[in-house]
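Colleague: Pasting work_19.txt below, which is compact mmCIF, C-alpha atoms.
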# COMPACT_ATOMS: atom_id res chain seq x y z
CA MET A 156 8.56 -60.14 -8.61
CA LYS A 157 8.91 -59.02 -12.15
CA ALA A 158 10.62 -55.76 -12.76
CA GLU A 159 8.24 -53.44 -14.51
CA THR A 160 9.50 -51.42 -17.38
CA GLN A 161 8.17 -47.95 -17.69
CA THR A 162 7.50 -46.59 -21.12
CA SER A 163 6.64 -43.05 -21.95
CA ILE A 164 4.20 -42.13 -24.62
CA GLN A 165 5.13 -39.11 -26.63
CA THR A 166 2.64 -37.07 -28.54
CA PRO A 167 3.49 -36.13 -32.13
CA MET A 168 4.19 -32.55 -31.02
CA GLN A 169 6.72 -33.77 -28.44
CA THR A 170 8.58 -35.92 -30.94
CA GLN A 171 8.62 -33.18 -33.58
CA THR A 172 9.74 -30.28 -31.40
CA PRO A 173 12.91 -29.11 -33.15
CA ALA A 174 14.40 -27.50 -30.06
CA SER A 175 14.13 -30.58 -27.86
CA THR A 176 17.52 -32.19 -28.51
CA PRO A 177 21.01 -30.72 -28.85
CA ILE A 178 22.37 -30.61 -32.36
CA ASN A 179 26.06 -30.48 -31.61
CA THR A 180 27.67 -32.77 -29.10
CA SER A 181 31.26 -33.71 -28.58
CA PRO A 182 32.35 -37.38 -28.45
CA GLY A 183 31.94 -37.19 -24.66
CA GLY A 184 28.34 -36.09 -25.06
CA GLU A 185 28.93 -32.47 -24.07
CA VAL A 186 27.02 -29.80 -25.96
CA ASP A 187 29.00 -27.21 -27.89
CA THR A 188 26.98 -24.25 -26.62
CA ALA A 189 28.29 -21.67 -29.08
CA THR A 190 27.47 -23.83 -32.10
CA GLU A 191 24.15 -24.87 -30.59
CA TYR A 192 23.27 -21.21 -30.01
CA SER A 193 24.22 -20.31 -33.57
CA GLU A 194 22.17 -23.18 -35.02
CA THR A 195 19.21 -22.27 -32.83
CA LEU A 196 19.29 -18.67 -34.09
CA THR A 197 19.53 -19.94 -37.68
CA SER A 198 16.44 -22.09 -37.13
CA LEU A 199 14.64 -19.19 -35.47
CA ARG A 200 15.35 -16.94 -38.47
CA HIS A 201 14.29 -19.69 -40.89
CA TYR A 202 10.89 -20.23 -39.27
CA SER A 203 10.33 -16.49 -38.85
CA ASN A 204 10.97 -15.94 -42.55
CA LEU A 205 8.89 -18.97 -43.48
CA ARG A 206 5.91 -17.47 -41.65
CA PHE A 207 5.77 -14.52 -44.04
CA ALA A 208 6.58 -16.53 -47.17
CA ILE A 209 3.70 -18.89 -46.40
CA PHE A 210 1.38 -15.97 -45.73
CA SER A 211 2.12 -14.65 -49.24
CA VAL A 212 1.09 -18.02 -50.71
CA PHE A 213 -2.10 -17.94 -48.62
CA ALA A 214 -2.94 -14.45 -49.89
CA ALA A 215 -2.36 -15.51 -53.52
CA ILE A 216 -4.56 -18.61 -53.21
CA THR A 217 -7.30 -16.61 -51.49
CA ALA A 218 -7.17 -13.92 -54.18
CA ALA A 219 -7.44 -16.56 -56.91
CA LEU A 220 -10.45 -18.14 -55.19
CA LEU A 221 -12.11 -14.75 -54.74
CA ALA A 222 -11.58 -14.00 -58.43
CA ALA A 223 -13.00 -17.39 -59.41
CA VAL A 224 -16.10 -17.00 -57.22
CA TYR A 225 -16.84 -13.27 -57.53
CA GLY A 226 -14.91 -12.08 -60.58
CA ARG A 227 -17.12 -13.56 -63.28
CA ASP A 228 -19.84 -11.95 -65.39
CA THR A 229 -21.77 -15.22 -65.51
CA PRO A 230 -22.39 -17.16 -62.32
CA LEU A 231 -20.73 -20.50 -61.76
CA PRO A 232 -22.86 -23.65 -61.59
CA GLY A 233 -24.19 -24.14 -58.03
CA ARG A 234 -22.02 -27.09 -57.06
CA VAL A 235 -18.84 -25.51 -58.44
CA ASP A 236 -19.57 -22.25 -56.61
CA ILE A 237 -20.16 -24.03 -53.27
CA ALA A 238 -17.12 -26.29 -53.82
CA LEU A 239 -14.84 -23.27 -54.37
CA ARG A 240 -16.19 -21.57 -51.27
CA LEU A 241 -15.69 -24.75 -49.21
CA PHE A 242 -12.18 -25.05 -50.61
CA GLY A 243 -11.54 -21.46 -49.51
CA ALA A 244 -12.58 -22.34 -45.97
CA LEU A 245 -10.42 -25.48 -46.03
CA VAL A 246 -7.39 -23.59 -47.35
CA THR A 247 -7.85 -20.99 -44.63
CA ALA A 248 -8.02 -23.65 -41.90
CA SER A 249 -4.91 -25.38 -43.31
CA PHE A 250 -2.87 -22.20 -43.40
CA TRP A 251 -4.06 -21.26 -39.90
CA TRP A 252 -2.76 -24.62 -38.65
CA ILE A 253 0.59 -24.01 -40.36
CA GLU A 254 0.79 -20.59 -38.66
CA PHE A 255 -0.08 -22.13 -35.30
CA THR A 256 2.64 -24.78 -35.70
CA LEU A 257 5.25 -22.25 -36.86
CA ASP A 258 4.49 -20.07 -33.86
CA GLY A 259 5.21 -23.03 -31.58
CA TYR A 260 8.55 -23.63 -33.29
CA ILE A 261 9.51 -19.95 -33.11
CA THR A 262 8.62 -19.78 -29.43
CA ALA A 263 10.57 -22.97 -28.65
CA PHE A 264 13.68 -21.73 -30.48
CA ALA A 265 13.49 -18.30 -28.81
CA ARG A 266 13.27 -19.90 -25.38
CA LYS A 267 16.11 -22.29 -26.17
CA ALA A 268 18.33 -19.44 -27.40
CA ALA A 269 17.61 -17.45 -24.24
CA VAL A 270 18.65 -20.44 -22.12
CA LEU A 271 21.82 -21.06 -24.15
CA ASN A 272 22.90 -17.43 -23.90
CA PRO A 273 21.03 -15.49 -21.18
CA ARG A 274 22.88 -12.26 -22.00
CA SER A 275 21.90 -12.32 -25.68
CA HIS A 276 19.73 -9.83 -27.48
CA LEU A 277 16.79 -12.19 -26.92
CA ALA A 278 16.86 -11.29 -23.22
CA ASP A 279 15.54 -7.86 -24.22
CA ARG A 280 12.73 -9.38 -26.28
CA PRO A 281 9.23 -8.66 -24.97
CA SER A 282 7.51 -11.45 -23.13
CA LEU A 283 6.74 -14.46 -25.25
CA ARG A 284 3.17 -14.26 -23.97
CA ARG A 285 2.52 -10.91 -25.67
CA ARG A 286 3.36 -11.79 -29.25
CA GLY A 287 1.68 -9.49 -31.74
CA VAL A 288 2.62 -11.20 -35.01
CA PRO A 289 0.86 -14.54 -34.42
CA TRP A 290 -2.28 -12.81 -33.18
CA ALA A 291 -2.30 -10.48 -36.19
CA THR A 292 -1.84 -13.23 -38.75
CA MET A 293 -4.19 -15.62 -36.98
CA SER A 294 -6.87 -12.91 -36.81
CA LEU A 295 -6.57 -12.55 -40.59
CA HIS A 296 -7.11 -16.30 -40.89
CA VAL A 297 -10.14 -16.15 -38.60
CA GLY A 298 -11.57 -13.23 -40.57
CA THR A 299 -11.02 -15.03 -43.86
CA ALA A 300 -12.59 -18.23 -42.52
CA ALA A 301 -15.60 -16.24 -41.28
CA PHE A 302 -15.91 -14.65 -44.72
CA TRP A 303 -15.87 -18.03 -46.49
CA LEU A 304 -18.35 -19.58 -44.06
CA LEU A 305 -20.73 -16.62 -44.39
CA SER A 306 -20.26 -16.77 -48.13
CA ILE A 307 -21.28 -20.44 -48.11
CA ALA A 308 -24.33 -19.72 -45.95
CA TRP A 309 -25.34 -16.85 -48.24
CA ALA A 310 -24.96 -19.00 -51.37
CA VAL A 311 -27.07 -21.89 -50.08
As structure tokens - that is how I would like this structure written.

Modeller:
Amino acid sequence: MKAETQTSIQTPMQTQTPASTPINTSPGGEVDTATEYSETLTSLRHYSNLRFAIFSVFAAITAALLAAVYGRDTPLPGRVDIALRLFGALVTASFWWIEFTLDGYITAFARKAAVLNPRSHLADRPSLRRRGVPWATMSLHVGTAAFWLLSIAWAV
């Protein structure tokens, strides 16, 4: 009988999860936990800060689109007006996806840090299931997307 080889199929999210493999290993393959914990916290801070930097860019792009669509004395030609409104909806969906992905990274790093050092300050963190920041920012994205979609329907 032939020996069957088993292959595993990984989804893109599984292969891109930053917290899935140890960063620092010794020549014997042992993980340097202190360095790994430090690097994990650095990554957690990076993605947490990136969340708010990206949100600022989203707000600026949305404000520019609002000014272009509604801030004129003379109306835009019909196709340009609809195109800008569609672009607003597309931008909103893109930034929502970025927020969704960042939230996954932040959650993965927080869990990894809690495993690496169970007595850390992350042990006192509220449950990862009751996260207010992602829901708040995602609700702003949903509200903005609803605005653009209603705006498109109203313009047609």

Colleague: With a distance cut-off of 10 Å and only C-alpha atoms, select the neighbouring residues of Leu241 of chain A, excluding the residue or stretch itself and same-chain residues fewer than 5 positions from it, and output the selection as a list in words.

Modeller: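 Contacts, with the query itself left out: Val235, Asp236, Val246, Thr247, Ala300, Trp303, Leu304, Ser306 and Ile307 of chain A.
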
Colleague: Just the selected residues (C-alpha atoms), exported as a CSV table (one decimal), in the frame of the given file, please.

Modeller:
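result-v5.csv, freshly written:
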chain,number,residue,atom,x,y,z
A,235,VAL,CA,-18.8,-25.5,-58.4
A,236,ASP,CA,-19.6,-22.2,-56.6
A,246,VAL,CA,-7.4,-23.6,-47.4
A,247,THR,CA,-7.8,-21.0,-44.6
A,300,ALA,CA,-12.6,-18.2,-42.5
A,303,TRP,CA,-15.9,-18.0,-46.5
A,304,LEU,CA,-18.4,-19.6,-44.1
A,306,SER,CA,-20.3,-16.8,-48.1
A,307,ILE,CA,-21.3,-20.4,-48.1

Colleague: For a quick check of understanding, using all atoms listed in the file, which of A:Leu245, A:Ile253, A:Ile261, A:Leu277 has the smallest distance to Ala301 of chain A?

Modeller: A:Leu245

Colleague: Report, in Å to a single decimal, how far apart atom CA of Ser249 of chain A and atom CA of Thr292 of chain A are.

Modeller: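 Separating atom CA of Thr292 of chain A from atom CA of Ser249 of chain A is a distance of 13.3 Å.
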
Colleague: Interatomic distance between atom CA of Ser294 of chain A and atom CA of Gly243 of chain A?

Modeller: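 So the two atoms, atom CA of Ser294 of chain A and atom CA of Gly243 of chain A, lie 16.0 Å apart.
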
Colleague: Pick from A:Tyr225, A:Phe302, A:Phe213, A:Tyr202: nearest to Leu257 of chain A, with all atoms listed in the file counted?

Modeller: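 Ranking A:Tyr225, A:Phe302, A:Phe213, A:Tyr202 by distance to Leu257 of chain A, first place goes to A:Tyr202.
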
Colleague: Is it possible to add N, CA and C atoms to segment 284-307 of chain A and hand it back as an mmCIF file, keeping the file's coordinate frame?

Modeller:
data_model
loop_
_atom_site.group_PDB
_atom_site.id
_atom_site.type_symbol
_atom_site.label_atom_id
_atom_site.label_comp_id
_atom_site.auth_asym_id
_atom_site.auth_seq_id
_atom_site.Cartn_x
_atom_site.Cartn_y
_atom_site.Cartn_z
ATOM 1 N N ARG A 284 4.622 -14.171 -24.095
ATOM 2 C CA ARG A 284 3.170 -14.260 -23.970
ATOM 3 C C ARG A 284 2.464 -13.126 -24.710
ATOM 4 N N ARG A 285 3.145 -12.046 -24.993
ATOM 5 C CA ARG A 285 2.520 -10.910 -25.670
ATOM 6 C C ARG A 285 3.053 -10.790 -27.087
ATOM 7 N N ARG A 286 2.840 -11.783 -27.892
ATOM 8 C CA ARG A 286 3.360 -11.790 -29.250
ATOM 9 C C ARG A 286 2.315 -11.223 -30.191
ATOM 10 N N GLY A 287 2.640 -10.136 -30.859
ATOM 11 C CA GLY A 287 1.680 -9.490 -31.740
ATOM 12 C C GLY A 287 1.548 -10.147 -33.106
ATOM 13 N N VAL A 288 2.647 -10.646 -33.649
ATOM 14 C CA VAL A 288 2.620 -11.200 -35.010
ATOM 15 C C VAL A 288 1.686 -12.398 -35.125
ATOM 16 N N PRO A 289 1.774 -13.403 -34.261
ATOM 17 C CA PRO A 289 0.860 -14.540 -34.420
ATOM 18 C C PRO A 289 -0.599 -14.127 -34.286
ATOM 19 N N TRP A 290 -0.889 -13.229 -33.353
ATOM 20 C CA TRP A 290 -2.280 -12.810 -33.180
ATOM 21 C C TRP A 290 -2.765 -12.042 -34.406
ATOM 22 N N ALA A 291 -1.908 -11.237 -34.993
ATOM 23 C CA ALA A 291 -2.300 -10.480 -36.190
ATOM 24 C C ALA A 291 -2.563 -11.416 -37.365
ATOM 25 N N THR A 292 -1.643 -12.339 -37.613
ATOM 26 C CA THR A 292 -1.840 -13.230 -38.750
ATOM 27 C C THR A 292 -2.982 -14.212 -38.497
ATOM 28 N N MET A 293 -3.097 -14.697 -37.268
ATOM 29 C CA MET A 293 -4.190 -15.620 -36.980
ATOM 30 C C MET A 293 -5.545 -14.922 -37.059
ATOM 31 N N SER A 294 -5.603 -13.636 -36.688
ATOM 32 C CA SER A 294 -6.870 -12.910 -36.810
ATOM 33 C C SER A 294 -7.252 -12.737 -38.281
ATOM 34 N N LEU A 295 -6.263 -12.592 -39.149
ATOM 35 C CA LEU A 295 -6.570 -12.550 -40.590
ATOM 36 C C LEU A 295 -7.124 -13.891 -41.058
ATOM 37 N N HIS A 296 -6.580 -14.980 -40.536
ATOM 38 C CA HIS A 296 -7.110 -16.300 -40.890
ATOM 39 C C HIS A 296 -8.534 -16.474 -40.372
ATOM 40 N N VAL A 297 -8.796 -16.031 -39.163
ATOM 41 C CA VAL A 297 -10.140 -16.150 -38.600
ATOM 42 C C VAL A 297 -11.120 -15.308 -39.403
ATOM 43 N N GLY A 298 -10.713 -14.095 -39.755
ATOM 44 C CA GLY A 298 -11.570 -13.230 -40.570
ATOM 45 C C GLY A 298 -11.854 -13.827 -41.940
ATOM 46 N N THR A 299 -10.838 -14.406 -42.546
ATOM 47 C CA THR A 299 -11.020 -15.030 -43.860
ATOM 48 C C THR A 299 -11.915 -16.256 -43.753
ATOM 49 N N ALA A 300 -11.731 -17.057 -42.713
ATOM 50 C CA ALA A 300 -12.590 -18.230 -42.520
ATOM 51 C C ALA A 300 -14.037 -17.799 -42.297
ATOM 52 N N ALA A 301 -14.236 -16.752 -41.502
ATOM 53 C CA ALA A 301 -15.600 -16.240 -41.280
ATOM 54 C C ALA A 301 -16.211 -15.770 -42.596
ATOM 55 N N PHE A 302 -15.413 -15.094 -43.418
ATOM 56 C CA PHE A 302 -15.910 -14.650 -44.720
ATOM 57 C C PHE A 302 -16.367 -15.838 -45.565
ATOM 58 N N TRP A 303 -15.518 -16.880 -45.668
ATOM 59 C CA TRP A 303 -15.870 -18.030 -46.490
ATOM 60 C C TRP A 303 -17.107 -18.747 -45.949
ATOM 61 N N LEU A 304 -17.200 -18.889 -44.640
ATOM 62 C CA LEU A 304 -18.350 -19.580 -44.060
ATOM 63 C C LEU A 304 -19.640 -18.779 -44.267
ATOM 64 N N LEU A 305 -19.566 -17.450 -44.094
ATOM 65 C CA LEU A 305 -20.730 -16.620 -44.390
ATOM 66 C C LEU A 305 -21.068 -16.643 -45.874
ATOM 67 N N SER A 306 -20.060 -16.692 -46.688
ATOM 68 C CA SER A 306 -20.260 -16.770 -48.130
ATOM 69 C C SER A 306 -20.987 -18.061 -48.524
ATOM 70 N N ILE A 307 -20.608 -19.156 -47.858
ATOM 71 C CA ILE A 307 -21.280 -20.440 -48.110
ATOM 72 C C ILE A 307 -22.734 -20.361 -47.664
#
